[in-house]
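Asker: Contents of my_file_8.txt (compact mmCIF, C-alpha atoms and all ligand atoms) are given next:
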```
# COMPACT_ATOMS: atom_id res chain seq x y z
CA MET A 1 102.40 95.70 74.88
CA ASN A 2 104.43 98.54 73.43
CA TYR A 3 106.55 99.34 70.42
CA PHE A 4 109.92 99.89 72.07
CA GLN A 5 112.10 96.99 70.95
CA TYR A 6 115.69 96.12 70.23
CA ARG A 7 116.77 95.50 66.67
CA ASP A 8 120.14 93.84 67.00
CA ASN A 9 121.74 95.97 69.70
CA ASP A 10 119.87 99.19 69.07
CA LEU A 11 116.76 100.23 70.98
CA PHE A 12 114.03 101.36 68.61
CA CYS A 13 110.75 103.18 69.01
CA GLU A 14 108.62 101.73 66.22
CA ASP A 15 110.86 102.02 63.13
CA VAL A 16 113.27 104.62 64.46
CA ALA A 17 116.47 104.02 66.42
CA LEU A 18 116.57 106.13 69.57
CA LYS A 19 120.22 106.99 68.85
CA ASP A 20 119.10 108.64 65.60
CA ILE A 21 116.59 110.81 67.46
CA ALA A 22 119.31 111.76 69.94
CA ALA A 23 121.57 112.78 67.05
CA GLN A 24 118.77 114.94 65.69
CA VAL A 25 117.40 116.67 68.81
CA GLY A 26 120.09 116.20 71.46
CA THR A 27 119.48 114.83 74.95
CA PRO A 28 117.55 114.50 77.17
CA PHE A 29 114.20 114.03 75.44
CA TYR A 30 110.89 112.26 75.93
CA VAL A 31 109.77 109.97 73.12
CA TYR A 32 106.26 108.58 72.68
CA SER A 33 105.12 105.82 70.34
CA HIS A 34 102.00 106.73 68.41
CA ALA A 35 101.18 103.08 67.63
CA THR A 36 101.37 102.24 71.34
CA LEU A 37 99.03 105.08 72.30
CA SER A 38 96.52 103.99 69.66
CA ARG A 39 96.80 100.37 70.65
CA HIS A 40 96.25 101.09 74.35
CA LEU A 41 93.15 103.12 73.67
CA GLU A 42 91.73 100.52 71.31
CA ALA A 43 92.43 97.67 73.74
CA PHE A 44 90.59 99.50 76.50
CA SER A 45 87.70 100.49 74.30
CA SER A 46 87.22 97.08 72.70
CA ALA A 47 87.18 95.45 76.15
CA PHE A 48 83.97 97.42 76.81
CA ALA A 49 82.56 97.12 73.28
CA ASP A 50 79.50 95.20 74.49
CA VAL A 51 78.28 97.87 76.93
CA PRO A 52 77.54 101.59 76.56
CA HIS A 53 80.72 103.36 77.62
CA LEU A 54 82.72 106.55 77.26
CA ILE A 55 86.48 106.76 77.68
CA CYS A 56 87.59 110.07 79.12
CA TYR A 57 91.38 109.95 79.05
CA SER A 58 92.80 111.65 82.13
CA ILE A 59 94.75 114.56 80.68
CA LYS A 60 97.03 115.03 83.67
CA ALA A 61 98.95 111.82 82.93
CA ASN A 62 100.33 113.28 79.71
CA SER A 63 98.84 116.45 78.32
CA ASN A 64 100.85 117.06 75.16
CA LEU A 65 98.50 118.25 72.39
CA ALA A 66 99.69 115.60 69.92
CA VAL A 67 98.98 112.86 72.48
CA LEU A 68 95.54 114.34 73.15
CA LYS A 69 94.82 114.61 69.42
CA THR A 70 95.75 110.95 68.97
CA PHE A 71 93.11 109.98 71.52
CA VAL A 72 90.46 112.34 70.11
CA SER A 73 91.02 110.71 66.72
CA HIS A 74 90.07 107.43 68.39
CA ASN A 75 86.84 109.00 69.71
CA ALA A 76 88.00 109.46 73.29
CA GLY A 77 86.80 112.23 75.56
CA PHE A 78 88.74 113.71 78.46
CA ASP A 79 88.81 113.89 82.23
CA ILE A 80 90.04 117.36 83.16
CA VAL A 81 91.10 118.77 86.52
CA SER A 82 91.72 122.44 85.71
CA GLY A 83 90.90 125.32 83.41
CA GLY A 84 94.23 124.72 81.70
CA GLU A 85 93.26 121.17 80.87
CA LEU A 86 89.91 122.40 79.49
CA PHE A 87 91.89 124.78 77.28
CA ARG A 88 94.03 121.88 76.03
CA ALA A 89 90.94 119.78 75.35
CA GLN A 90 89.51 122.62 73.28
CA GLN A 91 92.76 123.06 71.36
CA VAL A 92 92.45 119.51 69.99
CA GLY A 93 88.75 119.79 69.17
CA CYS A 94 87.41 117.39 71.79
CA ASP A 95 83.62 117.11 71.76
CA PRO A 96 82.66 118.94 74.99
CA ALA A 97 79.88 116.40 75.55
CA LYS A 98 82.70 113.93 76.24
CA ILE A 99 84.44 115.98 78.93
CA VAL A 100 84.11 115.32 82.65
CA TYR A 101 85.61 117.65 85.22
CA SER A 102 87.13 116.23 88.43
CA GLY A 103 89.10 117.76 91.30
CA VAL A 104 88.52 119.06 94.82
CA GLY A 105 89.29 122.72 94.12
CA LYS A 106 87.49 123.98 91.04
CA THR A 107 87.36 127.78 91.03
CA GLU A 108 84.31 129.81 90.02
CA ALA A 109 86.11 130.99 86.88
CA GLU A 110 86.97 127.42 85.93
CA ILE A 111 83.40 126.28 86.56
CA ALA A 112 82.07 129.11 84.40
CA ASP A 113 84.43 128.25 81.54
CA ALA A 114 83.42 124.59 81.69
CA LEU A 115 79.72 125.50 81.66
CA GLN A 116 80.22 127.83 78.68
CA ALA A 117 82.07 125.05 76.88
CA GLY A 118 79.15 122.68 77.49
CA ILE A 119 80.92 119.79 79.22
CA LEU A 120 79.08 116.57 80.08
CA MET A 121 79.37 116.75 83.86
CA PHE A 122 81.19 117.91 86.94
CA ASN A 123 82.38 115.27 89.35
CA VAL A 124 81.59 117.15 92.53
CA GLU A 125 83.73 116.61 95.63
CA SER A 126 82.01 118.63 98.39
CA ARG A 127 78.72 120.21 99.46
CA GLN A 128 80.08 123.69 99.05
CA GLU A 129 81.08 122.83 95.52
CA LEU A 130 77.46 121.80 94.78
CA ASP A 131 76.32 125.23 95.95
CA THR A 132 79.00 127.03 93.98
CA ILE A 133 78.30 125.20 90.72
CA ASN A 134 74.59 125.86 91.22
CA ALA A 135 75.22 129.57 91.74
CA VAL A 136 77.56 129.94 88.76
CA ALA A 137 75.18 127.99 86.51
CA GLY A 138 72.31 130.23 87.66
CA ARG A 139 74.26 133.36 86.76
CA LEU A 140 74.98 131.99 83.30
CA GLY A 141 71.46 130.68 82.73
CA LYS A 142 72.78 127.12 82.37
CA LYS A 143 72.04 123.75 83.87
CA ALA A 144 75.08 121.89 85.13
CA GLY A 145 75.23 118.11 84.78
CA ILE A 146 76.72 116.65 87.92
CA ALA A 147 77.87 113.43 89.49
CA ILE A 148 79.01 113.23 93.09
CA ARG A 149 82.41 111.71 93.63
CA VAL A 150 81.77 109.06 96.20
CA ASN A 151 84.46 107.74 98.42
CA PRO A 152 83.75 104.03 98.92
CA ASP A 153 86.43 103.60 101.61
CA VAL A 154 88.34 100.74 100.03
CA ASP A 155 92.09 100.32 100.23
CA PRO A 156 93.51 100.31 96.68
CA GLN A 157 96.76 98.78 97.99
CA THR A 158 98.94 101.27 96.22
CA HIS A 159 101.35 104.04 97.26
CA PRO A 160 99.70 106.32 99.88
CA TYR A 161 100.37 109.42 97.75
CA ILE A 162 98.25 108.01 94.93
CA SER A 163 95.59 106.33 97.06
CA THR A 164 92.46 108.47 96.93
CA GLY A 165 89.41 106.46 97.95
CA MET A 166 89.83 105.94 101.69
CA LYS A 167 87.95 107.71 104.47
CA LYS A 168 90.80 110.03 105.36
CA ALA A 169 91.40 111.15 101.75
CA LYS A 170 90.70 114.74 100.71
CA PHE A 171 88.80 113.39 97.71
CA GLY A 172 85.09 112.75 97.30
CA ILE A 173 82.23 112.48 99.75
CA ASN A 174 81.93 109.54 102.11
CA ILE A 175 79.50 107.00 100.80
CA SER A 176 77.49 107.12 104.04
CA GLN A 177 76.82 110.82 103.42
CA ALA A 178 76.23 110.50 99.69
CA LEU A 179 72.46 110.01 99.73
CA ASP A 180 71.94 113.21 101.72
CA ASP A 181 74.15 115.13 99.34
CA TYR A 182 72.33 113.75 96.32
CA ARG A 183 69.06 114.97 97.85
CA LEU A 184 70.63 118.36 98.39
CA ALA A 185 71.84 118.41 94.78
CA ALA A 186 68.38 117.53 93.51
CA SER A 187 66.93 120.49 95.40
CA LEU A 188 69.27 122.97 93.67
CA PRO A 189 67.54 124.40 90.60
CA ASN A 190 70.53 124.77 88.29
CA LEU A 191 71.95 121.30 88.74
CA GLU A 192 70.95 118.18 86.88
CA VAL A 193 71.97 115.02 88.70
CA ILE A 194 73.04 112.58 86.01
CA GLY A 195 75.79 110.43 87.47
CA VAL A 196 77.73 108.73 90.21
CA ASP A 197 81.52 108.92 90.23
CA CYS A 198 84.37 107.25 92.05
CA HIS A 199 88.14 107.05 91.60
CA ILE A 200 89.95 105.10 94.28
CA GLY A 201 93.59 105.53 93.38
CA SER A 202 96.31 105.04 90.85
CA GLN A 203 98.64 102.23 89.81
CA LEU A 204 96.28 99.51 91.04
CA THR A 205 97.64 96.07 90.25
CA LYS A 206 94.84 93.95 91.69
CA LEU A 207 91.20 93.65 90.71
CA SER A 208 89.83 93.19 94.22
CA PRO A 209 89.76 96.91 95.20
CA PHE A 210 87.79 97.66 92.02
CA VAL A 211 85.40 94.79 92.79
CA ASP A 212 84.89 96.01 96.37
CA ALA A 213 84.33 99.59 95.27
CA ILE A 214 81.84 98.61 92.57
CA ALA A 215 79.81 96.51 94.99
CA LYS A 216 79.40 99.52 97.27
CA ILE A 217 78.73 101.96 94.46
CA ARG A 218 76.23 99.61 92.86
CA GLU A 219 74.10 99.71 96.00
CA LEU A 220 74.15 103.48 95.98
CA VAL A 221 73.16 103.68 92.30
CA GLN A 222 70.22 101.37 92.95
CA THR A 223 69.11 103.35 96.00
CA LEU A 224 69.26 106.56 93.97
CA GLN A 225 67.37 105.02 91.07
CA ASN A 226 64.68 103.78 93.47
CA GLU A 227 64.34 107.33 94.78
CA GLY A 228 63.73 108.55 91.25
CA PHE A 229 67.14 110.05 90.44
CA GLY A 230 67.92 109.83 86.72
CA ILE A 231 71.37 108.30 87.04
CA LYS A 232 72.60 107.88 83.46
CA TYR A 233 76.34 107.72 83.98
CA LEU A 234 78.49 105.66 86.27
CA ASP A 235 82.02 107.03 86.22
CA LEU A 236 84.49 104.52 87.59
CA GLY A 237 87.55 106.75 87.34
CA GLY A 238 90.98 105.52 86.31
CA GLY A 239 93.65 103.75 88.26
CA LEU A 240 94.51 100.63 86.30
CA GLY A 241 98.19 99.95 86.87
CA ILE A 242 101.04 99.13 84.51
CA THR A 243 104.22 97.08 84.66
CA TYR A 244 107.15 99.19 85.81
CA GLU A 245 109.20 96.34 87.24
CA GLU A 246 107.54 93.00 87.89
CA GLU A 247 103.97 94.01 88.63
CA GLU A 248 101.37 91.95 86.83
CA PRO A 249 98.39 94.27 86.59
CA PRO A 250 95.09 93.02 85.19
CA SER A 251 94.69 93.45 81.44
CA PRO A 252 91.98 95.82 80.23
CA ALA A 253 90.00 92.70 79.28
CA ASP A 254 90.23 91.25 82.82
CA TYR A 255 89.33 94.62 84.28
CA ALA A 256 86.37 94.94 81.89
CA GLU A 257 85.08 91.51 82.81
CA VAL A 258 84.69 92.28 86.53
CA ILE A 259 83.30 95.72 85.85
CA ILE A 260 80.73 94.57 83.35
CA GLU A 261 79.70 91.83 85.78
CA GLY A 262 79.52 94.24 88.74
CA THR A 263 77.42 96.82 86.92
CA LYS A 264 75.05 94.48 85.11
CA GLY A 265 71.44 95.64 84.89
CA LEU A 266 72.06 99.20 86.13
CA GLY A 267 71.14 100.66 82.76
CA VAL A 268 73.91 103.27 82.82
CA THR A 269 76.65 104.39 80.47
CA LEU A 270 80.00 103.52 82.03
CA VAL A 271 82.57 106.32 82.05
CA PHE A 272 86.28 105.64 82.52
CA GLU A 273 89.13 108.01 83.21
CA PRO A 274 92.24 105.99 82.41
CA GLY A 275 95.53 107.86 82.48
CA ARG A 276 98.64 105.86 83.27
CA VAL A 277 97.54 102.69 81.47
CA MET A 278 97.11 104.66 78.23
CA VAL A 279 100.44 106.47 78.19
CA GLY A 280 102.85 105.04 80.80
CA ASN A 281 104.52 102.40 78.69
CA ALA A 282 104.09 104.41 75.50
CA GLY A 283 106.93 106.74 76.49
CA MET A 284 110.60 106.77 77.43
CA LEU A 285 112.99 109.43 78.64
CA VAL A 286 116.31 109.25 76.81
CA SER A 287 119.38 110.66 78.48
CA LYS A 288 123.15 110.74 78.01
CA VAL A 289 125.77 109.61 80.48
CA LEU A 290 127.86 112.60 81.49
CA TYR A 291 130.15 110.95 84.02
CA VAL A 292 130.67 107.62 85.66
CA LYS A 293 131.91 108.00 89.22
CA GLU A 294 133.14 105.02 91.16
CA GLY A 295 132.75 105.85 94.81
CA GLU A 296 134.01 103.87 97.79
CA ALA A 297 130.50 102.93 98.89
CA LYS A 298 128.60 103.35 95.67
CA ASN A 299 128.88 103.80 91.95
CA PHE A 300 127.15 106.71 90.30
CA VAL A 301 126.12 107.05 86.70
CA ILE A 302 125.56 110.78 86.28
CA VAL A 303 123.22 111.56 83.40
CA ASP A 304 121.89 114.73 81.80
CA ALA A 305 118.26 114.06 82.84
CA ALA A 306 117.23 114.76 86.41
CA MET A 307 114.43 114.81 88.95
CA ASN A 308 113.02 117.97 87.41
CA ASP A 309 112.48 116.04 84.17
CA LEU A 310 111.12 112.86 85.77
CA THR A 311 110.15 113.31 89.37
CA ARG A 312 108.47 109.98 90.18
CA PRO A 313 111.55 108.25 91.65
CA ALA A 314 112.27 111.25 93.90
CA LEU A 315 108.63 111.78 94.83
CA TYR A 316 107.41 108.24 95.41
CA GLY A 317 110.64 106.24 95.38
CA SER A 318 109.16 104.60 92.34
CA TYR A 319 110.89 102.18 90.04
CA GLN A 320 111.67 103.07 86.44
CA GLY A 321 113.45 100.58 84.19
CA ILE A 322 116.87 101.63 82.88
CA GLN A 323 117.77 100.33 79.43
CA ALA A 324 120.86 100.75 77.30
CA VAL A 325 120.11 102.43 73.98
CA ASP A 326 122.98 100.35 72.59
CA ARG A 327 123.13 97.01 74.35
CA SER A 328 126.35 95.69 72.84
CA THR A 329 128.07 95.83 76.25
CA SER A 330 127.08 92.86 78.36
CA ASP A 331 129.07 93.91 81.44
CA THR A 332 127.01 95.23 84.32
CA ILE A 333 127.57 97.32 87.42
CA VAL A 334 125.47 98.14 90.45
CA ALA A 335 124.98 101.88 90.57
CA ASP A 336 122.70 104.81 91.24
CA VAL A 337 121.58 106.69 88.15
CA VAL A 338 121.53 110.33 89.19
CA GLY A 339 121.02 113.74 87.63
CA PRO A 340 122.92 117.04 87.92
CA ILE A 341 120.50 118.62 90.43
CA CYS A 342 121.78 119.73 93.81
CA GLU A 343 119.55 117.43 95.88
CA SER A 344 120.29 113.96 97.20
CA GLY A 345 116.77 113.00 96.12
CA ASP A 346 117.81 113.52 92.53
CA PHE A 347 117.96 109.96 91.31
CA LEU A 348 116.31 107.94 88.55
CA ALA A 349 117.38 104.56 89.92
CA GLN A 350 119.12 103.41 93.09
CA ASP A 351 121.35 100.41 93.79
CA ARG A 352 120.39 99.01 90.45
CA GLU A 353 122.21 96.42 88.37
CA ILE A 354 122.56 98.10 85.00
CA THR A 355 124.79 98.02 81.93
CA ALA A 356 128.33 99.17 82.68
CA PHE A 357 127.74 102.49 80.95
CA SER A 358 130.61 104.67 79.73
CA GLN A 359 130.82 108.40 79.35
CA GLY A 360 128.74 109.50 76.35
CA ASP A 361 126.49 106.42 76.23
CA LEU A 362 122.75 106.85 75.90
CA LEU A 363 120.32 105.30 78.32
CA ALA A 364 116.54 105.12 78.23
CA VAL A 365 114.33 105.41 81.28
CA ALA A 366 111.37 103.16 80.56
CA SER A 367 107.68 103.61 81.42
CA ALA A 368 108.05 107.38 81.45
CA GLY A 369 105.03 108.34 79.37
CA ALA A 370 102.73 108.96 82.35
CA TYR A 371 103.33 111.58 85.04
CA GLY A 372 106.70 112.26 83.40
CA PHE A 373 106.76 115.44 81.38
CA THR A 374 103.55 116.71 83.01
CA MET A 375 105.19 116.76 86.43
CA SER A 376 108.43 118.27 85.18
CA SER A 377 109.67 121.65 86.31
CA ASN A 378 112.40 124.19 85.72
CA TYR A 379 114.13 123.52 89.04
CA ASN A 380 117.80 124.48 88.99
CA SER A 381 116.88 126.65 85.97
CA ARG A 382 116.93 123.63 83.75
CA ARG A 383 115.09 123.96 80.47
CA ARG A 384 112.28 121.50 80.02
CA VAL A 385 113.17 118.83 77.51
CA PRO A 386 111.59 118.24 74.11
CA GLU A 387 108.84 115.73 73.51
CA ILE A 388 109.06 113.60 70.39
CA MET A 389 106.39 111.43 68.83
CA VAL A 390 107.34 108.54 66.58
CA LYS A 391 104.82 107.19 64.11
CA GLY A 392 106.24 104.39 61.98
CA ASP A 393 109.45 105.88 60.58
CA GLN A 394 108.39 109.48 61.19
CA VAL A 395 110.01 111.54 63.96
CA MET A 396 107.89 114.51 65.02
CA VAL A 397 108.94 117.15 67.53
CA ILE A 398 105.70 117.74 69.44
CA ARG A 399 107.24 120.13 71.96
CA LYS A 400 110.48 121.99 71.45
CA ARG A 401 113.26 122.09 73.98
CA GLU A 402 112.87 125.26 76.02
CA THR A 403 115.30 128.09 75.46
CA TYR A 404 117.03 130.21 78.10
CA ASP A 405 114.62 132.99 77.15
CA ASP A 406 111.69 130.66 77.93
CA LEU A 407 113.17 130.28 81.41
CA ILE A 408 112.77 133.96 82.25
CA LYS A 409 109.55 134.57 80.32
CA GLY A 410 107.25 136.78 82.37
CA GLU A 411 109.92 137.84 84.84
CA SER A 412 110.93 141.46 85.19
CA ILE A 413 113.39 143.54 87.13
CA PRO A 414 111.54 146.53 88.66
CA GLU A 415 113.25 149.87 88.20
CA GLY A 416 115.36 151.01 91.09
CA LEU A 417 116.59 147.58 92.19
C1 LIG B 501 94.63 111.02 88.19
C2 LIG B 501 93.21 110.69 87.98
C3 LIG B 501 92.82 109.74 87.03
C4 LIG B 501 93.82 108.93 86.24
O1 LIG B 501 94.44 107.98 87.05
P1 LIG B 501 95.40 106.86 86.43
O2 LIG B 501 95.84 106.10 87.61
O3 LIG B 501 96.51 107.57 85.75
O4 LIG B 501 94.57 106.03 85.51
C5 LIG B 501 91.48 109.53 86.82
N1 LIG B 501 90.54 110.23 87.52
C6 LIG B 501 90.88 111.14 88.45
C7 LIG B 501 89.81 111.86 89.18
C8 LIG B 501 92.21 111.40 88.71
O5 LIG B 501 92.55 112.30 89.65
```
What do you get writing this file as structure tokens?

Answerer:
Amino acid sequence: MNYFQYRDNDLFCEDVALKDIAAQVGTPFYVYSHATLSRHLEAFSSAFADVPHLICYSIKANSNLAVLKTFVSHNAGFDIVSGGELFRAQQVGCDPAKIVYSGVGKTEAEIADALQAGILMFNVESRQELDTINAVAGRLGKKAGIAIRVNPDVDPQTHPYISTGMKKAKFGINISQALDDYRLAASLPNLEVIGVDCHIGSQLTKLSPFVDAIAKIRELVQTLQNEGFGIKYLDLGGGLGITYEEEEPPSPADYAEVIIEGTKGLGVTLVFEPGRVMVGNAGMLVSKVLYVKEGEAKNFVIVDAAMNDLTRPALYGSYQGIQAVDRSTSDTIVADVVGPICESGDFLAQDREITAFSQGDLLAVASAGAYGFTMSSNYNSRRRVPEIMVKGDQVMVIRKRETYDDLIKGESIPEGL
């Protein structure tokens, strides 16, 4: 459920026509619906209302400060994967006791910053990382709360690039080795073992991989509890999918049902790290048609947004819906929607039946709120686009369009060149 809807022929975000935002800020731009963000968080949270839980929104999906602040206002915490994300969490006043830190390559400096900030726990992904966190905590005179990220070896049935919980993945510690590593962790004086963590992948559209993972993790939690480990948190990661095309992912309520069932009686606080499901369908990328080119083999709609702005189609071949901002034309064509970048991989849609767009028309790329702006780059020296938040009839620029000066910030030409 989101708040992007047509009123007559005009596509609106909440109470604002996208064409009016385009007139105000130019194109391309990202636009996020505040009501949708709030609704997604509340739907997720209320699904788990009956059990102790903590929602740690995964910052990497969309890390704009205004988006983060929206979630903090709804009592969310954060899942961070870098020092930069910790910095963002601090900028919006997130309670550090609601921050978990994931990722296979935390540096000593990042670990130290997180300890100083007083985060809830580190989701640890290797033995060497256990030793490093222990050493850094010792130097700072702190105790580090930790969970071990366990790899339950289940197939999430998603794209291989976003599948993270199988044996050959770089993530986590194999479940067969986990007990040994927990014993090692318990022997390190500056660590406090408080949790078990797993995250098996992203854009999951079936419940069965979650069910399989929980069954395996449940056994481990019980074994650890029997050995006297004080496991207080069970972090089940993120991964719940969304509808891009015709997927029918489980609702948060369906997801909650199997999770609550699978974790019954463990006496732990459940931690979740949802990313995509919170923000994906709360955002669109709006772009203008520069040229329509009718080729012999193919038609091309050339737009002013490109793979540097939204890289998912180029990176994963993923589907993003293409909608007319003004749908008064009912004629359609089959075309590729492509950007100005000098790469054949620069497309937003391929062989797609879309509105027969004309030069100057606006189109909206749907489901662009997650892994959209955060994965964008300056490739081809393109300025990163503005991010807009709509709340009711308010239009708020939450990140300005970059300037040409922004593009060369930090660069210098050494004397004598
Ligand atoms: C990316 C990531 C998430 C969020 O995944 P979504 O599929 O966007 O919900 C959660 N936890 C970890 C460890 C991640 O790397």

Asker: With distances taken over only C-alpha atoms, which residue among A:Tyr255, A:Phe29, A:Phe4, A:Phe171 lies nearest Phe373 in chain A?

Answerer: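 Selected residue with least distance to Phe373 in chain A: A:Phe29.
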
Asker: What does the list of residues within 10 Å of ligand LIG 501 (chain B) look like if you count all atoms listed in the file, written as JSON, numbers by chain?

Answerer: {"A": [56, 57, 58, 59, 60, 61, 62, 78, 79, 80, 81, 100, 101, 102, 103, 104, 123, 149, 162, 163, 164, 171, 172, 197, 198, 199, 200, 201, 202, 203, 204, 235, 236, 237, 238, 239, 240, 241, 242, 272, 273, 274, 275, 276, 277, 278, 279, 280, 370, 371]}

Asker: Find the distance between CA of Glu402 in chain A and CA of Asp336 in chain A and write it in Å to one decimal.

Answerer: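 A separation of 27.3 Å between them.
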
Asker: When you count all atoms listed in the file, which of these residues is closest to Asn2 in chain A: A:Thr243, A:Ser63, A:Gln24, A:Gln225?

Answerer: A:Thr243

Asker: Counting only C-alpha atoms, which residue out of A:Pro160, A:Gly230, A:Pro152, A:Pro249 sits closest to Ala215 in chain A?

Answerer: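 Closest to Ala215 in chain A, using only C-alpha atoms: A:Pro152.
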
Asker: With all atoms listed in the file as the counted atoms, please give the residues lying no more than 6 Å from range 50-55 of chain A, apart from itself and same-chain residues fewer than 4 positions off, as a list in words.

Answerer: Ala76, Gly77, Thr269, Leu270, Val271 and Phe272 of chain A

Asker: Provide the CA of Lys143 in chain A to CA of Gly118 in chain A distance in Å, to one decimal place.

Answerer: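 Rounded to one decimal, the two atoms are 9.6 Å apart.
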
Asker: Pick out the closest residue to Glu227 in chain A from this set: A:Glu246, A:Asp180, A:Glu353, A:Asp95. Count only C-alpha atoms.

Answerer: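 For Glu227 in chain A, the nearest of the given residues is A:Asp180.
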
Asker: In Å, how far is it from CA of Leu224 in chain A to CA of Ile173 in chain A?

Answerer: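 Distance reported for this atom pair: 15.4 Å.
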
Asker: Please list as a PyMOL selection string every residue within 9 Å of Val67 in chain A, counting all atoms listed in the file and excluding residues in the same chain fewer than 4 positions away.

Answerer: chain A and resi 32+34+37+62-63+71-72+279+389+398

Asker: Write out as an MDAnalysis selection string each polymer residue whose atoms come within 10 Å of Gln394 in chain A, counting only C-alpha atoms; drop sequence neighbours fewer than 6 positions from it.

Answerer: chainID A and resid 14:16

Asker: Could you write out the selected residues, including C-alpha atoms, as a PDB file, in the coordinates of the input?

Answerer:
```
ATOM      1  CA  GLU A  14     108.620 101.730  66.220  1.00  0.00           C
ATOM      2  CA  ASP A  15     110.860 102.020  63.130  1.00  0.00           C
ATOM      3  CA  VAL A  16     113.270 104.620  64.460  1.00  0.00           C
TER       4      VAL A  16
END
```

Asker: Which is closer to Lys288 in chain A than all the others in A:Val92, A:Val337, A:Leu65, A:Ile217, using all atoms listed in the file?

Answerer: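 Among the listed residues, A:Val337 lies closest to Lys288 in chain A.
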
Asker: Skip Leu18 in chain A itself and residues of its chain fewer than 4 positions away, then list as a list in words all residues within 9 Å of it, counting only C-alpha atoms.

Answerer: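 Residues meeting the cut-off are Asp10, Leu11, Phe12, Cys13, Ala22, Ala23, Val31, Val286, Val325, Leu362 and Ala364 of chain A.
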
Asker: Take the residues just selected and output them with C-alpha atoms as a short mmCIF file (atom, residue, chain, number, x, y, z; two decimals), in the coordinates of the input.

Answerer:
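Output file result_26.cif follows:
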```cif
data_model
loop_
_atom_site.label_atom_id
_atom_site.label_comp_id
_atom_site.auth_asym_id
_atom_site.auth_seq_id
_atom_site.Cartn_x
_atom_site.Cartn_y
_atom_site.Cartn_z
CA ASP A 10 119.87 99.19 69.07
CA LEU A 11 116.76 100.23 70.98
CA PHE A 12 114.03 101.36 68.61
CA CYS A 13 110.75 103.18 69.01
CA ALA A 22 119.31 111.76 69.94
CA ALA A 23 121.57 112.78 67.05
CA VAL A 31 109.77 109.97 73.12
CA VAL A 286 116.31 109.25 76.81
CA VAL A 325 120.11 102.43 73.98
CA LEU A 362 122.75 106.85 75.90
CA ALA A 364 116.54 105.12 78.23
#
```
